[in-house]
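*Asks:* Next up is a structure, given as structure tokens.
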Amino acid sequence: MKRRWTLYDPRLAWLLVAPVLLLLIFFLVLPIAVMAAYTFFTFVTAGVETSALTTANWHEFLTDSYYAGFLLKTLRVGAITALLCGVLGYFPAYFIWGTTFKHKWLLLLLLIVPFWISFTIRTFSWINILGEQGVINVALLKMGIISEPLPMLYNEGAVILGMLHFLLPYMILNVYVSLEGIDRTLISAARSMGCTSAQAFREVTLPLSLPGLAAGLLLCFVLAAGSYVTPQLLGSGRDALFGNLIYDTIMGELNWPMGATLSIVLFLVLGSFAAIYTRFMGMSQIVKGLGG
Amino acid sequence: MPDRNDLSEVPRPEAAGAARSAAALGGGIGAGQPAVEFRDIDIAYGKFVAVRDFSLSIAKGSFVTLLGPSGCGKTTILRSIAGLVDISGGQIMIDGRRVDDVPIYRRNIGLVFQSYALFPHKNVFDNVAFGLKYRNVPKPEIARKVGQALEMVRLPGSEKKLPSQLSGGQQQRIALARAIVFEPQVLLLDEPLSALDANMREEMRVEIKKIQKETGITAIFVTHDQEEALSMSDRIVVMNAGAVEQIGTPQEVYETPATAFVADFLGKANMLAGTVSRSGQAIAVTLATGQTVEVACPRPLAQGSKVTVVLRPQKLSVGTAASINRLSGRVVSASYLGGSAIYEIDIGGKTIIRANAPITGRVLREGEAIDIGFDPEDCVLLDEDGRRIS
């Protein structure tokens, strides 16, 4: 006898998940697998490679300190950007959470509005602000405060600034969501037991919003370390990050096996950060969920 | 029943009208200063007035309940003592000291919330020790006091556990321990039992009362549950729409409700409208349904005055036991409660009377004829404005 289909049938569940699974397999897992295979291909000359298997690409990556230096610099810039996002993003999130303004949704909408404009255009806009003919330099020159334009563009600071610009909303939203999850009577309780509002923040609000802050830090770090448009537009050659190196290797040198190797390296490094985070913060999130 | 000796120093204004003078009396009468005193408190949120002209004085060591429906302002008053709500007029005194401009963290008050409000990221020890830490108590002393408090709420040895590892009842015990461990001047309980299931609630009721007695702490309890109020309190403040309806012992508010609201809110009293048809010591009231009953009246009433006769379901006798003021009707519904039964009785004129009577013989069924009666002394008379005639 054939079993009848019900709403909670496990077969139905698989059927519903299938499109996503197929999508992930064909457009994520498989391409990565192909790239992983490519790392063992032999580079002959620009644009030519053979499928003769070799470990030469990995050998080159692991022995040439040029690559390691690039990786460290990328991680450093990513970490600085993430930390700045954390410091600068916590306050707006806290403000939106704490405000008695009736239309809170409007403030949250303001965070999302920048996403309506292309990321590339937003990055370009900094050239008009920081450049030699940009708003700041022209204004300062006209006022006679400076005699020649300040070099504000095409350095690491500009790259970090550009990344802050596009990453801050992610940080603010993450922190806001975790603040919103805090039971406000906890703060009243802390206050009634003798805490000033600053002490109550330190004892209750901050620790309970840490999961959101940590999630924001991870997100900003991974996105910053993986970015390549921002350094390309706002940085000089010296400010190139690992993403630019990959771009150069593949599009410039046409060395696909090495480009694939570098891509897999970045994927593994950033992936392991995400894995460590999930392992570490995932646990405390569960505790928080049960305690709330 | 609460220990009435505790209350001897406390004035007991009975009617809403007397509530205002309570503050004045409270300051002067008796040996002790009141633990908490409200003088003409007004609390408004923007244009909405949550509490109007609230005055109350609470004796040291007593257990006072603010009882009323949701939105009556009881929680707002509680929060105003803690400093979580700003008052817009009047004064709040704790142990004779004015506190309404003292910041919340300097008021020495223990607060227990409906949602427990335990810190989920701190273990039981750190939760209970929290108030002591901010009072600069030395560490060994903190450990000793936390141990004692946990002993008192019968959860010793739970120091290392996280709140999420405790049941609702246990969490509420920890919340109680946390609120009393630093020996606050007043303990405030904001519907602490309503998140618990029925069995747990009854157990905690006894527990809270016991701990309050043992520590001698002044407690202010907020609830909308009349049973909790009646069983735990030394005094009950019945509130409605931001104002006091009646202040009195559980027995007083239950048996001699000052207003129609109190009579209805506490124990669903029967309210029978009628007109005085014969005045005198025992007046006769002709009910709207046509029957005439005799009731005791504390003062003579003019013939023709409109009154409401308030009758508790428990004070009605049913069947053959109904001798005086006998009213005949039919059973509309009968609920069997084991020892007694609750009848809803149609006495004509679209009037339904609830009677809660011990079962003698068998439980009557729907549609059967039934007689009810009551003693002339066992009812309360309200005037046209719904105030008790005294």
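Residues are named by chain letter and number: chains run A, B, ... in the order of the structure tokens, numbers start at 1 in each chain, and ligands are numbered from 1 in the order shown.
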Could the residues of chain B within 10 Å of chain A, counting only C-alpha atoms, be given as a PyMOL selection string, please?

*Replies:* chain B and resi 79+82-84+103-122+127+129-135+162-166+175+178-179+182+184

*Asks:* Could those selected residues go to a file with N, CA and C atoms, as a compact mmCIF listing (two decimals), in the first residue's frame?

*Replies:*
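Okay, this is what ended up in again-v2.txt:
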# COMPACT_ATOMS: atom_id res chain seq x y z
N ARG B 79 6.60 50.75 41.07
CA ARG B 79 7.80 51.21 40.35
C ARG B 79 8.23 52.59 40.82
N ALA B 82 10.52 52.26 43.79
CA ALA B 82 11.85 51.83 43.38
C ALA B 82 12.59 52.93 42.65
N GLY B 83 11.84 53.91 42.12
CA GLY B 83 12.49 54.97 41.36
C GLY B 83 12.53 54.67 39.88
N LEU B 84 11.81 53.64 39.46
CA LEU B 84 11.78 53.30 38.03
C LEU B 84 10.77 54.16 37.28
N PRO B 103 18.21 59.08 43.53
CA PRO B 103 18.30 58.22 42.35
C PRO B 103 18.08 56.75 42.73
N ILE B 104 17.59 56.01 41.76
CA ILE B 104 17.19 54.62 41.98
C ILE B 104 18.27 53.80 42.68
N TYR B 105 19.54 53.98 42.28
CA TYR B 105 20.56 53.09 42.81
C TYR B 105 20.95 53.43 44.25
N ARG B 106 20.46 54.56 44.77
CA ARG B 106 20.76 54.89 46.16
C ARG B 106 19.60 54.55 47.07
N ARG B 107 18.46 54.17 46.50
CA ARG B 107 17.35 53.75 47.36
C ARG B 107 17.63 52.31 47.74
N ASN B 108 17.40 51.99 48.98
CA ASN B 108 17.74 50.66 49.45
C ASN B 108 16.51 49.76 49.36
N ILE B 109 16.27 49.24 48.16
CA ILE B 109 15.02 48.56 47.91
C ILE B 109 15.24 47.23 47.21
N GLY B 110 14.55 46.20 47.65
CA GLY B 110 14.62 44.89 47.00
C GLY B 110 13.44 44.75 46.06
N LEU B 111 13.73 44.29 44.86
CA LEU B 111 12.69 44.25 43.84
C LEU B 111 12.62 42.85 43.25
N VAL B 112 11.43 42.28 43.23
CA VAL B 112 11.25 40.98 42.58
C VAL B 112 10.28 41.17 41.42
N PHE B 113 10.71 40.75 40.24
CA PHE B 113 9.92 40.99 39.04
C PHE B 113 9.10 39.76 38.67
N GLN B 114 8.05 40.03 37.91
CA GLN B 114 7.22 38.96 37.39
C GLN B 114 8.04 38.00 36.52
N SER B 115 8.95 38.59 35.73
CA SER B 115 9.75 37.77 34.81
C SER B 115 11.05 37.29 35.46
N TYR B 116 11.13 37.35 36.77
CA TYR B 116 12.31 36.97 37.57
C TYR B 116 13.48 37.94 37.36
N ALA B 117 13.77 38.26 36.08
CA ALA B 117 14.87 39.19 35.77
C ALA B 117 16.19 38.77 36.37
N LEU B 118 16.46 37.47 36.36
CA LEU B 118 17.79 37.01 36.77
C LEU B 118 18.75 37.28 35.61
N PHE B 119 20.01 37.60 35.94
CA PHE B 119 20.97 37.85 34.88
C PHE B 119 21.37 36.52 34.25
N PRO B 120 21.04 36.33 32.97
CA PRO B 120 21.25 35.01 32.36
C PRO B 120 22.72 34.65 32.21
N HIS B 121 23.60 35.67 32.20
CA HIS B 121 25.01 35.40 31.98
C HIS B 121 25.78 35.26 33.28
N LYS B 122 25.07 35.34 34.41
CA LYS B 122 25.75 35.19 35.70
C LYS B 122 25.17 33.97 36.41
N ASN B 127 24.41 36.29 40.83
CA ASN B 127 23.11 36.96 40.83
C ASN B 127 22.75 37.43 42.24
N ALA B 129 24.70 37.72 44.81
CA ALA B 129 25.72 38.59 45.41
C ALA B 129 25.69 40.00 44.83
N PHE B 130 24.93 40.19 43.76
CA PHE B 130 24.99 41.44 42.99
C PHE B 130 24.79 42.69 43.86
N GLY B 131 23.72 42.70 44.64
CA GLY B 131 23.43 43.87 45.45
C GLY B 131 24.49 44.12 46.52
N LEU B 132 25.06 43.03 47.04
CA LEU B 132 26.09 43.15 48.09
C LEU B 132 27.36 43.75 47.50
N LYS B 133 27.68 43.31 46.28
CA LYS B 133 28.88 43.79 45.60
C LYS B 133 28.84 45.33 45.48
N TYR B 134 27.65 45.84 45.17
CA TYR B 134 27.54 47.29 45.00
C TYR B 134 27.32 48.02 46.32
N ARG B 135 27.36 47.27 47.41
CA ARG B 135 27.32 47.91 48.72
C ARG B 135 28.66 47.75 49.42
N LEU B 162 23.54 28.13 36.36
CA LEU B 162 23.06 29.28 35.60
C LEU B 162 21.53 29.32 35.72
N PRO B 163 20.95 30.52 35.68
CA PRO B 163 19.48 30.61 35.78
C PRO B 163 18.75 29.69 34.80
N SER B 164 19.33 29.52 33.60
CA SER B 164 18.65 28.68 32.61
C SER B 164 18.58 27.22 33.02
N GLN B 165 19.38 26.84 34.02
CA GLN B 165 19.35 25.45 34.47
C GLN B 165 18.34 25.23 35.59
N LEU B 166 17.62 26.28 35.96
CA LEU B 166 16.66 26.18 37.06
C LEU B 166 15.23 26.22 36.53
N ALA B 175 15.43 34.87 42.68
CA ALA B 175 15.13 36.29 42.55
C ALA B 175 14.77 36.88 43.91
N ARG B 178 17.91 37.17 45.97
CA ARG B 178 18.70 38.29 45.47
C ARG B 178 18.15 39.62 46.00
N ALA B 179 16.82 39.67 46.17
CA ALA B 179 16.20 40.93 46.59
C ALA B 179 16.30 41.16 48.10
N PHE B 182 20.57 41.82 50.69
CA PHE B 182 21.25 43.02 51.17
C PHE B 182 20.39 43.79 52.18
N PRO B 184 17.20 45.08 52.35
CA PRO B 184 16.63 46.36 51.93
C PRO B 184 15.60 46.84 52.94

*Asks:* Find the residues around Ser70 (chain B) up to 12 Å (only C-alpha atoms counted), leave out those fewer than 4 positions away in its own chain, and share them as a ChimeraX atom specification.

*Replies:* /B:50,66,74-76,191,222-225,239-242,265

*Asks:* Could you dump the residues just selected with N, CA and C atoms as a compact mmCIF listing (two decimals), in the first residue's frame?

*Replies:*
# COMPACT_ATOMS: atom_id res chain seq x y z
N ALA B 50 -1.88 58.05 35.39
CA ALA B 50 -1.93 56.65 35.81
C ALA B 50 -2.36 56.53 37.26
N LEU B 66 -1.16 45.65 46.91
CA LEU B 66 -1.90 46.53 46.02
C LEU B 66 -2.66 45.62 45.06
N LYS B 74 -1.41 49.99 39.97
CA LYS B 74 -0.72 49.36 41.10
C LYS B 74 0.77 49.14 40.82
N THR B 75 1.08 48.67 39.61
CA THR B 75 2.48 48.46 39.27
C THR B 75 3.23 49.78 39.16
N THR B 76 2.54 50.79 38.66
CA THR B 76 3.15 52.11 38.54
C THR B 76 3.57 52.63 39.91
N GLU B 191 3.85 41.21 40.96
CA GLU B 191 3.20 40.00 40.46
C GLU B 191 4.18 38.83 40.35
N VAL B 222 2.25 43.37 44.63
CA VAL B 222 1.28 43.80 43.62
C VAL B 222 0.68 42.58 42.95
N THR B 223 -0.62 42.52 42.86
CA THR B 223 -1.25 41.39 42.19
C THR B 223 -2.62 41.77 41.67
N HIS B 224 -3.12 40.97 40.72
CA HIS B 224 -4.51 41.13 40.32
C HIS B 224 -5.31 39.92 40.78
N ASP B 225 -4.62 39.05 41.52
CA ASP B 225 -5.24 37.80 41.96
C ASP B 225 -5.76 37.98 43.38
N MET B 239 -7.41 48.91 44.32
CA MET B 239 -7.29 50.07 43.44
C MET B 239 -8.10 49.88 42.18
N ASN B 240 -8.54 51.00 41.64
CA ASN B 240 -9.23 50.98 40.36
C ASN B 240 -8.99 52.31 39.66
N ALA B 241 -8.63 52.24 38.40
CA ALA B 241 -8.44 53.43 37.57
C ALA B 241 -7.59 54.50 38.26
N GLY B 242 -6.48 54.10 38.82
CA GLY B 242 -5.53 55.06 39.36
C GLY B 242 -5.87 55.61 40.73
N PHE B 265 -15.02 43.03 42.52
CA PHE B 265 -13.68 42.56 42.17
C PHE B 265 -13.23 41.43 43.10

*Asks:* Using DSSP on the backbone, list every residue of region 174-320 of chain B that comes out as alpha helix (DSSP H), and give them as a PyMOL selection string.

*Replies:* chain B and resi 174-180+198-215+226-232+250-255+260-265

*Asks:* Selection from above, C-alpha atoms, as a JSON list (two decimals), in the first residue's frame, can you write it?

*Replies:*
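Below is the file that was written, part_23.json:
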[["chain", "number", "residue", "atom", "x", "y", "z"],
["B", 174, "ILE", "CA", 16.69, 32.97, 43.54],
["B", 175, "ALA", "CA", 15.13, 36.29, 42.55],
["B", 176, "LEU", "CA", 13.67, 36.53, 46.05],
["B", 177, "ALA", "CA", 17.02, 35.66, 47.64],
["B", 178, "ARG", "CA", 18.70, 38.29, 45.47],
["B", 179, "ALA", "CA", 16.20, 40.93, 46.59],
["B", 180, "ILE", "CA", 16.45, 40.28, 50.34],
["B", 198, "ALA", "CA", -0.97, 26.81, 39.75],
["B", 199, "ASN", "CA", 0.66, 24.31, 42.14],
["B", 200, "MET", "CA", 3.93, 26.19, 42.26],
["B", 201, "ARG", "CA", 2.05, 29.41, 42.88],
["B", 202, "GLU", "CA", 0.40, 28.15, 46.04],
["B", 203, "GLU", "CA", 3.68, 26.80, 47.35],
["B", 204, "MET", "CA", 5.48, 30.08, 46.66],
["B", 205, "ARG", "CA", 2.68, 32.04, 48.31],
["B", 206, "VAL", "CA", 3.33, 30.26, 51.59],
["B", 207, "GLU", "CA", 7.08, 30.49, 51.09],
["B", 208, "ILE", "CA", 7.14, 34.22, 50.42],
["B", 209, "LYS", "CA", 4.90, 34.91, 53.39],
["B", 210, "LYS", "CA", 7.08, 32.75, 55.62],
["B", 211, "ILE", "CA", 10.29, 34.46, 54.55],
["B", 212, "GLN", "CA", 8.72, 37.86, 54.99],
["B", 213, "LYS", "CA", 7.69, 36.93, 58.55],
["B", 214, "GLU", "CA", 11.10, 35.49, 59.38],
["B", 215, "THR", "CA", 13.04, 38.49, 58.14],
["B", 226, "GLN", "CA", -7.67, 38.27, 44.84],
["B", 227, "GLU", "CA", -6.86, 34.88, 46.33],
["B", 228, "GLU", "CA", -3.19, 35.80, 46.62],
["B", 229, "ALA", "CA", -4.11, 39.12, 48.14],
["B", 230, "LEU", "CA", -6.50, 37.65, 50.69],
["B", 231, "SER", "CA", -4.22, 34.83, 51.77],
["B", 232, "MET", "CA", -0.94, 36.75, 52.08],
["B", 250, "PRO", "CA", -8.33, 41.01, 53.98],
["B", 251, "GLN", "CA", -11.39, 40.37, 56.13],
["B", 252, "GLU", "CA", -12.51, 43.98, 56.03],
["B", 253, "VAL", "CA", -12.24, 44.37, 52.28],
["B", 254, "TYR", "CA", -13.89, 41.03, 51.68],
["B", 255, "GLU", "CA", -16.71, 41.23, 54.17],
["B", 260, "ALA", "CA", -19.47, 48.32, 44.41],
["B", 261, "PHE", "CA", -16.14, 47.88, 42.62],
["B", 262, "VAL", "CA", -14.53, 46.21, 45.63],
["B", 263, "ALA", "CA", -17.55, 43.97, 46.16],
["B", 264, "ASP", "CA", -17.44, 42.86, 42.56],
["B", 265, "PHE", "CA", -13.68, 42.56, 42.17]]

*Asks:* Which residues are near Leu241 (chain A)? Cut-off 10 Å, only C-alpha atoms, ignore same chain within fewer than 5 positions. Put them as a list in words.

*Replies:*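 The filter keeps Phe70, Leu71, Leu72, Lys73, Thr74, Leu75, Val77, Gly78, Val159, Ala224, Ala225, Gly226, Ser227, Tyr228, Val229, Thr230, Pro231, Gln232, Gly235 and Ile246 of chain A.
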
*Asks:* Do you know which residues are at most 9 Å from Gly348 (chain B) counting only C-alpha atoms, after dropping those on the same chain fewer than 5 positions away, and could you put them as an mmCIF file with N, CA and C atoms, in the first residue's frame?

*Replies:*
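So the final result, stored in result.cif, reads:
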data_model
loop_
_atom_site.group_PDB
_atom_site.id
_atom_site.type_symbol
_atom_site.label_atom_id
_atom_site.label_comp_id
_atom_site.auth_asym_id
_atom_site.auth_seq_id
_atom_site.Cartn_x
_atom_site.Cartn_y
_atom_site.Cartn_z
ATOM 1 N N THR B 289 -36.571 42.728 41.597
ATOM 2 C CA THR B 289 -37.268 41.533 41.143
ATOM 3 C C THR B 289 -38.630 41.365 41.809
ATOM 4 N N GLY B 290 -38.948 42.237 42.756
ATOM 5 C CA GLY B 290 -40.262 42.172 43.375
ATOM 6 C C GLY B 290 -40.272 41.663 44.797
ATOM 7 N N SER B 328 -37.127 32.382 46.192
ATOM 8 C CA SER B 328 -37.285 31.158 45.421
ATOM 9 C C SER B 328 -36.811 31.372 44.002
ATOM 10 N N GLY B 329 -36.191 30.334 43.473
ATOM 11 C CA GLY B 329 -35.728 30.444 42.092
ATOM 12 C C GLY B 329 -35.510 29.087 41.483
ATOM 13 N N ARG B 330 -34.865 29.085 40.334
ATOM 14 C CA ARG B 330 -34.551 27.833 39.648
ATOM 15 C C ARG B 330 -33.056 27.771 39.372
#

*Asks:* Which residues are near Leu218 (chain A)? Cut-off 8 Å, only C-alpha atoms, ignore same chain within fewer than 2 positions. Put them as a list in words.

*Replies:*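 The residues that qualify are Ala82, Ala214, Ala215, Gly216, Cys220, Phe221, Val222, Phe273, Ala274 and Tyr277 of chain A.
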
*Asks:* Rank nothing, just name the residue among A:Leu233, A:Gly243, A:Val175, A:Lys142 nearest to Phe91 (chain A), using only C-alpha atoms.

*Replies:*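 Of the candidates, the smallest distance to Phe91 (chain A) is held by A:Val175.
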
*Asks:* Show me, as a compact mmCIF listing (two decimals) with C-alpha atoms, in the first residue's frame, the residues that have an atom within 8 Å of region 38-48 of chain B when counting only C-alpha atoms, minus same-chain residues fewer than 6 positions from it.

*Replies:*
# COMPACT_ATOMS: atom_id res chain seq x y z
CA ARG B 20 -6.52 60.86 51.81
CA ALA B 23 -1.16 59.91 55.46
CA PHE B 54 -2.57 58.27 46.15
CA SER B 55 -1.88 58.30 49.87
CA LEU B 56 -0.92 55.33 51.97
CA SER B 57 1.19 54.62 54.97
CA THR B 76 3.15 52.11 38.54
CA ASP B 86 9.03 59.44 38.22
CA ILE B 87 6.17 60.88 40.21
CA SER B 88 4.65 64.11 38.98
CA GLY B 89 3.37 65.27 42.36
CA GLY B 90 3.43 64.38 46.04
CA GLN B 91 6.07 62.75 48.21
CA ILE B 92 7.33 59.28 48.89
CA MET B 93 8.98 58.66 52.25

*Asks:* Determine, counting only C-alpha atoms, which protein, DNA and RNA residues have an atom within 7 Å of an atom of Ile236 (chain B); residues of the same chain fewer than 2 positions away are not included. Present the result as a list of chain:residue names.

*Replies:* B:Val64, B:Thr65, B:Leu66, B:Leu67, B:Ala229, B:Ser233, B:Asp234, B:Val238, B:Ile247, B:Gly248, B:Thr249, B:Pro250

*Asks:* Report the distance between CA of Leu168 (chain A) and CA of Met152 (chain A) in Å, rounded to one decimal place.

*Replies:*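 Interatomic distance, CA of Leu168 (chain A) to CA of Met152 (chain A): 20.6 Å.
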
*Asks:* Report the residues of region 33-254 of chain A whose backbone DSSP state falls under strand (DSSP E or B), written as a ChimeraX atom specification.

*Replies:* /A:42-45,48-50

*Asks:* Take the residues that were just selected and, keeping C-alpha atoms, output them as an mmCIF file, in the first residue's frame.

*Replies:*
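Produced file part_25.cif, reproduced below:
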data_model
loop_
_atom_site.group_PDB
_atom_site.id
_atom_site.type_symbol
_atom_site.label_atom_id
_atom_site.label_comp_id
_atom_site.auth_asym_id
_atom_site.auth_seq_id
_atom_site.Cartn_x
_atom_site.Cartn_y
_atom_site.Cartn_z
ATOM 1 C CA THR A 42 50.874 22.947 -14.084
ATOM 2 C CA PHE A 43 51.400 26.516 -15.263
ATOM 3 C CA VAL A 44 53.175 26.634 -18.619
ATOM 4 C CA THR A 45 53.019 30.248 -19.734
ATOM 5 C CA VAL A 48 48.343 28.112 -20.788
ATOM 6 C CA GLU A 49 48.249 25.316 -18.257
ATOM 7 C CA THR A 50 48.258 21.540 -18.415
#

*Asks:* Select, from A:Ile160, A:Val138, A:Ala275, A:Leu245, the residue with the minimum atom-to-atom distance to Arg76 (chain A), counting only C-alpha atoms.

*Replies:* A:Ile160

*Asks:* B:Gly168, B:Pro140, B:Gly157, B:Gly68: which is nearest Phe221 (chain B), counting only C-alpha atoms?

*Replies:*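 Using only C-alpha atoms, Phe221 (chain B) sits closest to B:Gly68.
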
*Asks:* Would you mind reading off the distance between CA of Val244 (chain B) and CA of Gln172 (chain B), one decimal, in Å?

*Replies:*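 Between CA of Val244 (chain B) and CA of Gln172 (chain B) the gap works out to 28.9 Å.
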